[in-house]
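Listing of start.cif; format and content: mmCIF, C-alpha atoms.
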data_query
loop_
_atom_site.group_PDB
_atom_site.id
_atom_site.type_symbol
_atom_site.label_atom_id
_atom_site.label_comp_id
_atom_site.auth_asym_id
_atom_site.auth_seq_id
_atom_site.Cartn_x
_atom_site.Cartn_y
_atom_site.Cartn_z
ATOM 1 C CA MET A 27 80.923 96.011 77.614
ATOM 2 C CA PRO A 28 83.720 97.601 79.642
ATOM 3 C CA PRO A 29 82.793 99.251 82.934
ATOM 4 C CA THR A 30 81.641 102.870 82.838
ATOM 5 C CA LEU A 31 82.265 105.750 85.215
ATOM 6 C CA ASP A 32 78.805 105.054 86.648
ATOM 7 C CA ASP A 33 79.875 101.460 87.352
ATOM 8 C CA ILE A 34 82.928 102.750 89.201
ATOM 9 C CA ARG A 35 80.827 105.212 91.208
ATOM 10 C CA GLU A 36 78.389 102.426 92.103
ATOM 11 C CA ALA A 37 81.326 100.252 93.122
ATOM 12 C CA ALA A 38 82.614 103.037 95.380
ATOM 13 C CA ILE A 39 79.263 103.157 97.196
ATOM 14 C CA ARG A 40 79.067 99.353 97.384
ATOM 15 C CA ILE A 41 82.507 98.827 98.905
ATOM 16 C CA LYS A 42 82.664 101.941 101.089
ATOM 17 C CA PRO A 43 81.704 100.095 104.315
ATOM 18 C CA TYR A 44 84.516 97.575 103.838
ATOM 19 C CA VAL A 45 87.568 99.241 102.249
ATOM 20 C CA HIS A 46 89.951 101.859 103.546
ATOM 21 C CA ARG A 47 89.914 105.261 101.915
ATOM 22 C CA THR A 48 93.667 105.344 101.548
ATOM 23 C CA PRO A 49 95.655 108.557 102.031
ATOM 24 C CA VAL A 50 97.263 110.679 99.332
ATOM 25 C CA VAL A 51 100.724 111.796 100.411
ATOM 26 C CA THR A 52 103.552 113.872 98.989
ATOM 27 C CA CYS A 53 107.321 113.735 99.434
ATOM 28 C CA GLU A 54 109.365 116.848 98.747
ATOM 29 C CA SER A 55 112.556 114.835 98.198
ATOM 30 C CA LEU A 56 110.810 112.794 95.503
ATOM 31 C CA ASN A 57 109.409 115.922 93.868
ATOM 32 C CA GLU A 58 112.890 117.433 93.677
ATOM 33 C CA TYR A 59 114.461 114.286 92.258
ATOM 34 C CA VAL A 60 111.899 113.772 89.485
ATOM 35 C CA GLY A 61 111.196 117.455 88.806
ATOM 36 C CA ALA A 62 107.442 117.265 89.206
ATOM 37 C CA GLN A 63 104.704 117.485 91.844
ATOM 38 C CA VAL A 64 103.912 113.896 92.774
ATOM 39 C CA PHE A 65 100.834 112.749 94.696
ATOM 40 C CA LEU A 66 101.034 109.171 95.968
ATOM 41 C CA LYS A 67 97.749 107.265 96.353
ATOM 42 C CA CYS A 68 98.756 104.781 99.049
ATOM 43 C CA GLU A 69 97.030 101.496 98.273
ATOM 44 C CA ASN A 70 99.823 99.859 100.259
ATOM 45 C CA PHE A 71 97.656 100.889 103.241
ATOM 46 C CA GLN A 72 94.584 99.120 101.825
ATOM 47 C CA LYS A 73 93.241 95.979 103.495
ATOM 48 C CA VAL A 74 95.396 92.952 102.559
ATOM 49 C CA GLY A 75 98.072 95.529 101.708
ATOM 50 C CA ALA A 76 97.053 96.099 98.097
ATOM 51 C CA PHE A 77 94.506 97.665 95.736
ATOM 52 C CA LYS A 78 93.278 94.142 94.926
ATOM 53 C CA PHE A 79 90.822 94.274 97.821
ATOM 54 C CA ARG A 80 88.757 96.920 96.026
ATOM 55 C CA GLY A 81 88.031 94.752 92.993
ATOM 56 C CA ALA A 82 87.501 91.566 94.981
ATOM 57 C CA CYS A 83 85.167 93.342 97.372
ATOM 58 C CA ASN A 84 83.101 94.833 94.534
ATOM 59 C CA ALA A 85 82.797 91.437 92.851
ATOM 60 C CA VAL A 86 81.733 89.665 96.049
ATOM 61 C CA PHE A 87 79.174 92.274 97.088
ATOM 62 C CA SER A 88 77.792 92.499 93.525
ATOM 63 C CA LEU A 89 76.503 88.927 93.778
ATOM 64 C CA THR A 90 72.849 88.209 94.424
ATOM 65 C CA ASN A 91 72.088 86.301 97.610
ATOM 66 C CA GLU A 92 71.425 83.197 95.524
ATOM 67 C CA GLU A 93 74.754 83.483 93.717
ATOM 68 C CA ALA A 94 76.629 84.291 96.915
ATOM 69 C CA ALA A 95 75.289 81.201 98.665
ATOM 70 C CA HIS A 96 77.531 79.060 96.438
ATOM 71 C CA GLY A 97 80.637 81.067 97.342
ATOM 72 C CA VAL A 98 83.376 82.486 95.146
ATOM 73 C CA SER A 99 86.483 80.946 93.643
ATOM 74 C CA THR A 100 89.670 81.871 91.824
ATOM 75 C CA HIS A 101 93.206 80.741 91.149
ATOM 76 C CA SER A 102 95.908 83.014 92.495
ATOM 77 C CA SER A 103 99.207 82.804 94.330
ATOM 78 C CA GLY A 104 99.241 86.405 95.499
ATOM 79 C CA ASN A 105 97.285 89.446 96.607
ATOM 80 C CA HIS A 106 94.061 88.546 94.766
ATOM 81 C CA ALA A 107 93.777 85.282 96.683
ATOM 82 C CA GLN A 108 94.003 87.120 99.992
ATOM 83 C CA ALA A 109 91.652 89.864 98.836
ATOM 84 C CA LEU A 110 88.955 87.459 97.671
ATOM 85 C CA ALA A 111 89.215 85.377 100.828
ATOM 86 C CA LEU A 112 88.765 88.442 103.038
ATOM 87 C CA ALA A 113 85.904 89.864 100.952
ATOM 88 C CA ALA A 114 84.105 86.517 101.111
ATOM 89 C CA LYS A 115 84.666 86.335 104.866
ATOM 90 C CA LEU A 116 83.088 89.783 105.280
ATOM 91 C CA ARG A 117 80.023 88.626 103.341
ATOM 92 C CA GLY A 118 79.901 85.351 105.240
ATOM 93 C CA ILE A 119 80.329 83.068 102.227
ATOM 94 C CA PRO A 120 82.976 80.483 101.318
ATOM 95 C CA ALA A 121 86.005 81.323 99.170
ATOM 96 C CA TYR A 122 87.636 78.474 97.245
ATOM 97 C CA ILE A 123 91.191 79.391 96.322
ATOM 98 C CA VAL A 124 93.378 77.344 93.983
ATOM 99 C CA MET A 125 97.040 78.024 94.750
ATOM 100 C CA PRO A 126 100.202 76.531 93.231
ATOM 101 C CA GLU A 127 101.977 74.295 95.698
ATOM 102 C CA ASN A 128 105.129 76.409 95.451
ATOM 103 C CA ALA A 129 103.370 79.625 96.539
ATOM 104 C CA ALA A 130 105.117 81.505 99.328
ATOM 105 C CA GLN A 131 104.213 80.136 102.746
ATOM 106 C CA VAL A 132 103.375 83.616 104.009
ATOM 107 C CA LYS A 133 100.739 83.919 101.265
ATOM 108 C CA LYS A 134 99.310 80.469 101.976
ATOM 109 C CA ASP A 135 99.053 81.406 105.647
ATOM 110 C CA ALA A 136 97.374 84.718 104.840
ATOM 111 C CA VAL A 137 94.721 83.121 102.602
ATOM 112 C CA ALA A 138 94.002 80.468 105.219
ATOM 113 C CA GLY A 139 93.905 83.137 107.922
ATOM 114 C CA TYR A 140 91.161 84.976 106.030
ATOM 115 C CA GLY A 141 89.150 81.751 105.855
ATOM 116 C CA GLY A 142 89.955 80.761 102.282
ATOM 117 C CA GLN A 143 89.577 77.057 101.491
ATOM 118 C CA ILE A 144 92.766 76.244 99.592
ATOM 119 C CA THR A 145 93.216 73.580 96.932
ATOM 120 C CA PHE A 146 96.830 73.151 95.883
ATOM 121 C CA CYS A 147 97.934 72.336 92.341
ATOM 122 C CA LYS A 148 101.073 72.055 90.222
ATOM 123 C CA PRO A 149 102.674 75.429 89.415
ATOM 124 C CA THR A 150 101.484 75.691 85.810
ATOM 125 C CA LEU A 151 98.674 77.749 84.292
ATOM 126 C CA GLU A 152 97.096 74.598 82.867
ATOM 127 C CA ALA A 153 97.047 72.967 86.327
ATOM 128 C CA ARG A 154 95.618 76.082 87.936
ATOM 129 C CA GLU A 155 92.830 76.403 85.388
ATOM 130 C CA SER A 156 91.910 72.714 85.337
ATOM 131 C CA THR A 157 91.899 72.534 89.137
ATOM 132 C CA LEU A 158 89.704 75.629 89.334
ATOM 133 C CA ALA A 159 87.296 74.075 86.817
ATOM 134 C CA LYS A 160 86.932 71.038 89.103
ATOM 135 C CA VAL A 161 86.350 73.254 92.129
ATOM 136 C CA VAL A 162 83.624 75.184 90.284
ATOM 137 C CA GLU A 163 82.015 71.943 89.135
ATOM 138 C CA ASN A 164 81.939 70.630 92.705
ATOM 139 C CA THR A 165 80.815 73.845 94.418
ATOM 140 C CA GLY A 166 78.877 75.893 91.858
ATOM 141 C CA SER A 167 80.925 78.879 93.008
ATOM 142 C CA ASN A 168 81.165 82.198 91.167
ATOM 143 C CA VAL A 169 84.586 82.665 89.570
ATOM 144 C CA VAL A 170 86.218 86.036 90.232
ATOM 145 C CA HIS A 171 89.139 86.517 87.861
ATOM 146 C CA PRO A 172 92.031 88.613 89.220
ATOM 147 C CA TYR A 173 91.699 91.230 86.462
ATOM 148 C CA ASN A 174 89.659 90.053 83.445
ATOM 149 C CA ASP A 175 86.335 90.784 85.153
ATOM 150 C CA GLU A 176 84.160 93.905 84.793
ATOM 151 C CA ARG A 177 83.316 93.915 88.501
ATOM 152 C CA VAL A 178 86.991 93.770 89.440
ATOM 153 C CA ILE A 179 87.974 96.520 86.987
ATOM 154 C CA ALA A 180 85.231 98.804 88.331
ATOM 155 C CA GLY A 181 86.386 98.173 91.890
ATOM 156 C CA GLN A 182 89.997 98.998 91.062
ATOM 157 C CA GLY A 183 88.867 102.258 89.451
ATOM 158 C CA THR A 184 87.614 103.537 92.804
ATOM 159 C CA ALA A 185 91.184 104.327 93.906
ATOM 160 C CA THR A 186 91.485 106.914 91.115
ATOM 161 C CA LEU A 187 88.010 108.228 91.898
ATOM 162 C CA GLU A 188 89.253 109.019 95.399
ATOM 163 C CA LEU A 189 92.553 110.401 94.134
ATOM 164 C CA LEU A 190 90.882 112.914 91.804
ATOM 165 C CA GLU A 191 88.421 113.951 94.494
ATOM 166 C CA GLU A 192 91.403 114.994 96.606
ATOM 167 C CA VAL A 193 93.658 116.334 93.829
ATOM 168 C CA PRO A 194 91.383 117.307 90.896
ATOM 169 C CA GLU A 195 94.069 119.379 89.168
ATOM 170 C CA LEU A 196 96.245 116.404 88.172
ATOM 171 C CA ASP A 197 97.790 116.435 84.684
ATOM 172 C CA VAL A 198 98.857 112.779 84.622
ATOM 173 C CA VAL A 199 98.037 109.522 86.415
ATOM 174 C CA ILE A 200 100.573 106.680 86.433
ATOM 175 C CA ALA A 201 99.810 103.080 87.420
ATOM 176 C CA PRO A 202 101.731 99.821 87.067
ATOM 177 C CA VAL A 203 100.488 97.209 84.605
ATOM 178 C CA GLY A 204 100.426 93.422 84.846
ATOM 179 C CA GLY A 205 97.103 91.913 83.820
ATOM 180 C CA GLY A 206 95.668 95.389 83.384
ATOM 181 C CA GLY A 207 92.809 95.440 85.892
ATOM 182 C CA LEU A 208 94.172 98.375 87.878
ATOM 183 C CA LEU A 209 95.290 100.257 84.771
ATOM 184 C CA SER A 210 91.908 99.742 83.080
ATOM 185 C CA GLY A 211 89.930 100.981 86.067
ATOM 186 C CA THR A 212 92.340 103.861 86.562
ATOM 187 C CA SER A 213 92.107 104.955 82.931
ATOM 188 C CA ILE A 214 88.309 104.816 82.800
ATOM 189 C CA ALA A 215 87.883 106.804 86.013
ATOM 190 C CA ALA A 216 90.498 109.425 85.149
ATOM 191 C CA THR A 217 89.632 110.075 81.497
ATOM 192 C CA GLU A 218 85.899 110.235 82.211
ATOM 193 C CA LEU A 219 86.347 112.580 85.169
ATOM 194 C CA LYS A 220 88.840 114.973 83.574
ATOM 195 C CA LYS A 221 89.090 115.783 79.900
ATOM 196 C CA GLY A 222 92.655 115.740 78.598
ATOM 197 C CA ILE A 223 94.241 113.965 81.553
ATOM 198 C CA ARG A 224 97.097 111.689 80.507
ATOM 199 C CA ILE A 225 97.286 108.029 81.574
ATOM 200 C CA ILE A 226 100.697 106.374 81.586
ATOM 201 C CA ALA A 227 101.618 102.871 82.730
ATOM 202 C CA GLY A 228 104.842 101.520 84.126
ATOM 203 C CA GLU A 229 106.031 98.002 83.326
ATOM 204 C CA PRO A 230 109.273 96.144 84.075
ATOM 205 C CA GLU A 231 111.687 95.887 81.150
ATOM 206 C CA MET A 232 112.067 92.208 82.032
ATOM 207 C CA ALA A 233 108.315 91.612 81.767
ATOM 208 C CA ASP A 234 107.325 93.966 78.953
ATOM 209 C CA ASP A 235 104.497 92.005 77.300
ATOM 210 C CA ALA A 236 101.969 94.844 77.768
ATOM 211 C CA PHE A 237 104.392 97.310 76.165
ATOM 212 C CA ARG A 238 104.861 94.970 73.215
ATOM 213 C CA SER A 239 101.130 94.235 73.019
ATOM 214 C CA LEU A 240 100.264 97.928 72.778
ATOM 215 C CA LYS A 241 102.908 98.432 70.082
ATOM 216 C CA SER A 242 101.729 95.460 67.985
ATOM 217 C CA GLY A 243 97.989 95.958 68.429
ATOM 218 C CA LYS A 244 97.408 92.430 69.739
ATOM 219 C CA ILE A 245 97.913 90.628 73.040
ATOM 220 C CA ILE A 246 101.412 89.168 73.269
ATOM 221 C CA PRO A 247 101.490 86.747 76.226
ATOM 222 C CA ALA A 248 104.231 86.911 78.814
ATOM 223 C CA VAL A 249 106.730 84.056 78.424
ATOM 224 C CA ASN A 250 108.824 83.258 81.504
ATOM 225 C CA PRO A 251 109.147 86.873 82.689
ATOM 226 C CA LYS A 252 111.727 87.385 85.408
ATOM 227 C CA THR A 253 111.536 90.574 87.424
ATOM 228 C CA VAL A 254 111.714 91.670 91.044
ATOM 229 C CA ALA A 255 108.198 93.104 90.488
ATOM 230 C CA ASP A 256 106.536 89.723 90.905
ATOM 231 C CA GLY A 257 103.024 91.192 90.990
ATOM 232 C CA LEU A 258 103.321 92.157 87.308
ATOM 233 C CA LEU A 259 104.038 88.786 85.707
ATOM 234 C CA THR A 260 100.604 88.184 84.155
ATOM 235 C CA SER A 261 99.534 88.896 80.574
ATOM 236 C CA LEU A 262 96.831 91.369 79.567
ATOM 237 C CA GLY A 263 93.256 90.090 79.395
ATOM 238 C CA THR A 264 90.640 90.214 76.655
ATOM 239 C CA LEU A 265 88.683 92.805 78.657
ATOM 240 C CA THR A 266 91.602 94.932 79.803
ATOM 241 C CA PHE A 267 93.548 95.184 76.544
ATOM 242 C CA PRO A 268 90.920 97.111 74.520
ATOM 243 C CA ILE A 269 90.431 99.580 77.393
ATOM 244 C CA ILE A 270 94.179 100.172 77.584
ATOM 245 C CA GLN A 271 94.396 100.575 73.807
ATOM 246 C CA GLN A 272 91.707 103.244 73.898
ATOM 247 C CA ARG A 273 92.616 105.191 77.025
ATOM 248 C CA VAL A 274 96.316 104.781 77.888
ATOM 249 C CA GLU A 275 98.776 107.169 76.234
ATOM 250 C CA GLN A 276 101.792 104.905 76.556
ATOM 251 C CA ILE A 277 103.486 102.181 78.550
ATOM 252 C CA VAL A 278 106.972 103.023 79.805
ATOM 253 C CA THR A 279 109.343 100.190 80.685
ATOM 254 C CA VAL A 280 111.478 100.439 83.814
ATOM 255 C CA SER A 281 114.814 98.703 84.458
ATOM 256 C CA GLU A 282 115.340 96.389 87.417
ATOM 257 C CA LYS A 283 117.788 98.927 88.854
ATOM 258 C CA GLY A 284 115.203 101.677 88.454
ATOM 259 C CA ILE A 285 112.576 99.603 90.257
ATOM 260 C CA ILE A 286 114.887 98.784 93.174
ATOM 261 C CA ASP A 287 116.428 102.263 93.501
ATOM 262 C CA SER A 288 113.055 104.050 93.451
ATOM 263 C CA MET A 289 111.573 101.550 95.910
ATOM 264 C CA LYS A 290 114.473 102.082 98.326
ATOM 265 C CA PHE A 291 114.181 105.871 97.941
ATOM 266 C CA VAL A 292 110.480 105.807 98.868
ATOM 267 C CA TRP A 293 111.209 103.635 101.906
ATOM 268 C CA GLU A 294 113.987 105.961 103.060
ATOM 269 C CA ARG A 295 112.573 109.384 102.223
ATOM 270 C CA ALA A 296 108.772 109.017 102.244
ATOM 271 C CA LYS A 297 108.927 106.495 105.109
ATOM 272 C CA ILE A 298 106.345 104.202 103.546
ATOM 273 C CA VAL A 299 106.650 100.512 102.681
ATOM 274 C CA ILE A 300 105.936 99.733 99.042
ATOM 275 C CA GLU A 301 106.528 96.538 97.088
ATOM 276 C CA PRO A 302 108.533 96.391 93.849
ATOM 277 C CA SER A 303 105.395 96.329 91.686
ATOM 278 C CA ALA A 304 104.331 99.673 93.169
ATOM 279 C CA ALA A 305 107.828 101.063 92.636
ATOM 280 C CA VAL A 306 107.482 100.432 88.890
ATOM 281 C CA ALA A 307 105.074 103.382 88.692
ATOM 282 C CA ILE A 308 107.606 105.582 90.512
ATOM 283 C CA GLY A 309 110.269 104.253 88.148
ATOM 284 C CA VAL A 310 108.563 105.910 85.181
ATOM 285 C CA LEU A 311 109.559 109.267 86.702
ATOM 286 C CA TRP A 312 112.777 108.016 88.287
ATOM 287 C CA GLU A 313 114.441 107.069 85.005
ATOM 288 C CA HIS A 314 113.322 110.227 83.175
ATOM 289 C CA LYS A 315 112.454 108.262 80.037
ATOM 290 C CA ILE A 316 109.673 110.700 79.192
ATOM 291 C CA ASP A 317 109.385 114.417 79.890
ATOM 292 C CA LEU A 318 106.837 115.102 82.634
ATOM 293 C CA ALA A 319 108.742 117.986 84.235
ATOM 294 C CA GLY A 320 106.683 120.508 86.155
ATOM 295 C CA LEU A 321 103.432 118.559 85.935
ATOM 296 C CA LYS A 322 101.099 117.430 88.697
ATOM 297 C CA ILE A 323 101.254 113.652 88.694
ATOM 298 C CA GLY A 324 99.183 111.110 90.597
ATOM 299 C CA ILE A 325 100.709 107.697 91.174
ATOM 300 C CA ILE A 326 98.804 104.629 92.281
ATOM 301 C CA LEU A 327 101.065 102.840 94.768
ATOM 302 C CA SER A 328 99.573 99.423 94.166
ATOM 303 C CA GLY A 329 100.702 97.590 97.297
ATOM 304 C CA GLY A 330 103.121 97.066 100.134
ATOM 305 C CA ASN A 331 103.424 93.319 100.589
ATOM 306 C CA VAL A 332 107.114 92.624 100.952
ATOM 307 C CA ASP A 333 109.104 89.663 102.263
ATOM 308 C CA LEU A 334 111.383 91.490 104.686
ATOM 309 C CA ALA A 335 113.919 88.652 104.529
ATOM 310 C CA LYS A 336 114.311 89.155 100.777
ATOM 311 C CA LEU A 337 114.509 92.917 100.258
ATOM 312 C CA PRO A 338 115.756 93.459 96.690
ATOM 313 C CA TRP A 339 118.614 95.772 97.671
ATOM 314 C CA LEU A 340 120.133 93.330 100.151
#
Step by step, read the file and then write its structure as structure tokens.
Amino acid sequence: MPPTLDDIREAAIRIKPYVHRTPVVTCESLNEYVGAQVFLKCENFQKVGAFKFRGACNAVFSLTNEEAAHGVSTHSSGNHAQALALAAKLRGIPAYIVMPENAAQVKKDAVAGYGGQITFCKPTLEARESTLAKVVENTGSNVVHPYNDERVIAGQGTATLELLEEVPELDVVIAPVGGGGLLSGTSIAATELKKGIRIIAGEPEMADDAFRSLKSGKIIPAVNPKTVADGLLTSLGTLTFPIIQQRVEQIVTVSEKGIIDSMKFVWERAKIVIEPSAAVAIGVLWEHKIDLAGLKIGIILSGGNVDLAKLPWL
């Protein structure tokens, strides 16, 4: 069964001692450019610099003491790896992280810095999954999937819970979509809290498998997607896809130029650091592909982890 609003509320209580309640900010220059009132939920200020910490934290602190004693494990090359390692550290249990050997050094260092025990593998999905299976066999650890996990989805939904507590009059909520964990949690929280609220997702044109999946009515896996929004390269999951089908109005694709231009605008005008994946949600408004003029719109800024030596506009 998919998570319920009660699950999300319970997650909010469970993770409250550990996560940041991130601010909601506005930017008049952005409002003028897109022709709407925009409220930015700044998960770029979350621990590990991304919303991922919410879901990882809920999963880790949902475990019984007996389950937790064996630790947690996952395969990830990005924010989820860091989030799970930190959540496990806070609970005082081991985190076994399978990472591809070509993962960015800064991410390897971050996972190790949070106490994650890293096992490296070849950079293929098959290698990641088979290596994780061996780790689980050797450790008995509890696998926490980056998005296809009810505990993770419920945790991600707490960001929207907070957003609507602060701005209950929203007409629309926009979130980026990769594997769909954030979008699923967002859509459950928003549609259960406010009747008639619209949920829209942003996705890169160059990695539009979720857009095509929603159109076709079945999961279409991503095949070699290439986009500056490298946090959105994963395919939808068996848990997230049905939730998105039921609760998300539409997925809007955003061009690479739209992602980069809107990201740069937010850096310059709002004075906050967001990563390209977060800018995809802004891009839905930036490119004016759908008419949301005059509405009150909440946007989940998913993260702010950026390699400053490789800014996309340089």
Checklist entry - Could you name the residues that touch stretch 274-290 of chain A at 7 Å or less, counting only C-alpha atoms, but leaving out those on the same chain fewer than 4 positions away, as an NGL selection string? => result :A and (213 or 224-231 or 234 or 237 or 253-254 or 270 or 294 or 300 or 302 or 305-306 or 308-310 or 312-313 or 338-339)
Next on the checklist: Applying the PyMOL selection byres ((chain A and resi 44) around 10) to the file I just gave you, which residues come out? Please list them as a ChimeraX atom specification.
Outcome noted: /A:40-43,45-47,73,79-80,83-84,113,116
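Interatomic distance, atom CA of A:Asp317 against atom CA of A:Gly204: 23.4 Å.
Candidate residues A:Ser55, A:Ser242, A:Gln143, A:Gln182 were compared for distance to A:Gln72, and the nearest is A:Gln182, using all atoms listed in the file.
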Item to check | Straight-line distance linking atom CA of A:Leu318 with atom CA of A:Phe291, stated in Å to one decimal | outcome: 19.3 Å
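With all atoms listed in the file as the basis for measurement, A:Thr266 is the residue among A:Asn70, A:Thr266, A:Gln272, A:Thr212 that approaches A:Glu176 most closely.
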Checklist entry - Between atom CA of A:Pro202 and atom CA of A:Leu258, what is the distance, to one decimal in Å? => result 7.8 Å
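Of the residues under consideration (A:Val193, A:Ala159, A:Ile123, A:Ala236), A:Val193 shows the shortest atom-to-atom contact distance to A:Gly324 when counting all atoms listed in the file.
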Next on the checklist: Using all atoms listed in the file and a cutoff of 10 Å, can you tell me which residues are near (106.7, 105.3, 102.3) in the file's coordinates, and write them out as a PyMOL selection string?
Outcome noted: chain A and resi 51-53+66+68+70+289-300+327+330
Checklist entry - Expanded to explicit residues, what is the PyMOL selection byres ((chain A and resi 249) around 12) for this file, as an MDAnalysis selection string? => result chainID A and resid 151 232:236 246:248 250:252 259:261
Checklist outcome for this item: Closest of A:Pro49, A:Gly166, A:Gly211, A:Pro28 to A:Ala180, counting all atoms listed in the file, is A:Gly211
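Take the candidates A:Thr184, A:Thr100, A:Ile179, A:Val332 and check each one against A:Lys160 using all atoms listed in the file; the shortest distance goes to A:Thr100.
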Next on the checklist: Going by the chain IDs and residue numbers used in this file, which residues fall under the PyMOL selection byres ((chain A and resi 167) around 10)? Write them as a ChimeraX atom specification.
Outcome noted: /A:93-100,120-122,161-166,168-170
Quick one: what's the axis-aligned box for stretch 63-69 of chain A, all listed atoms, 8 Å on every side, centre and edges in Å to one decimal, as JSON?
{"center_x": 100.9, "center_y": 109.5, "center_z": 95.4, "size_x": 23.7, "size_y": 32.0, "size_z": 23.2}
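The point (104.1, 73.3, 98.6) has these residues within 10 Å of it, counting all atoms listed in the file: Met125, Pro126, Glu127, Asn128, Ala129, Ala130, Gln131, Lys134, Phe146, Cys147, Lys148 and Pro149 of chain A.
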Checklist outcome for this item: Counting all atoms listed in the file, closest pick from A:Leu190, A:Arg154, A:Gly81, A:Ser210 relative to A:Val50 is A:Leu190
Checklist entry - Quick one: residues within 6 Å of A:Val124, only C-alpha atoms counted, chain neighbours fewer than 5 positions away excluded, as number ranges by chain? => result A: 101, 144-146
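The environment of A:Ala85 within 8 Å, counting all atoms listed in the file and disregarding residues fewer than 3 places along the same chain, consists of A:Gly81, A:Ala82, A:Ser88, A:Leu89, A:Val170, A:Arg177, A:Val178, A:Gly181.
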Would you save the residues from that selection as a compact mmCIF listing (two decimals), keeping the file's coordinate frame, using C-alpha atoms?
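Result went into selection.txt, see below:
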# COMPACT_ATOMS: atom_id res chain seq x y z
CA GLY A 81 88.03 94.75 92.99
CA ALA A 82 87.50 91.57 94.98
CA SER A 88 77.79 92.50 93.52
CA LEU A 89 76.50 88.93 93.78
CA VAL A 170 86.22 86.04 90.23
CA ARG A 177 83.32 93.92 88.50
CA VAL A 178 86.99 93.77 89.44
CA GLY A 181 86.39 98.17 91.89
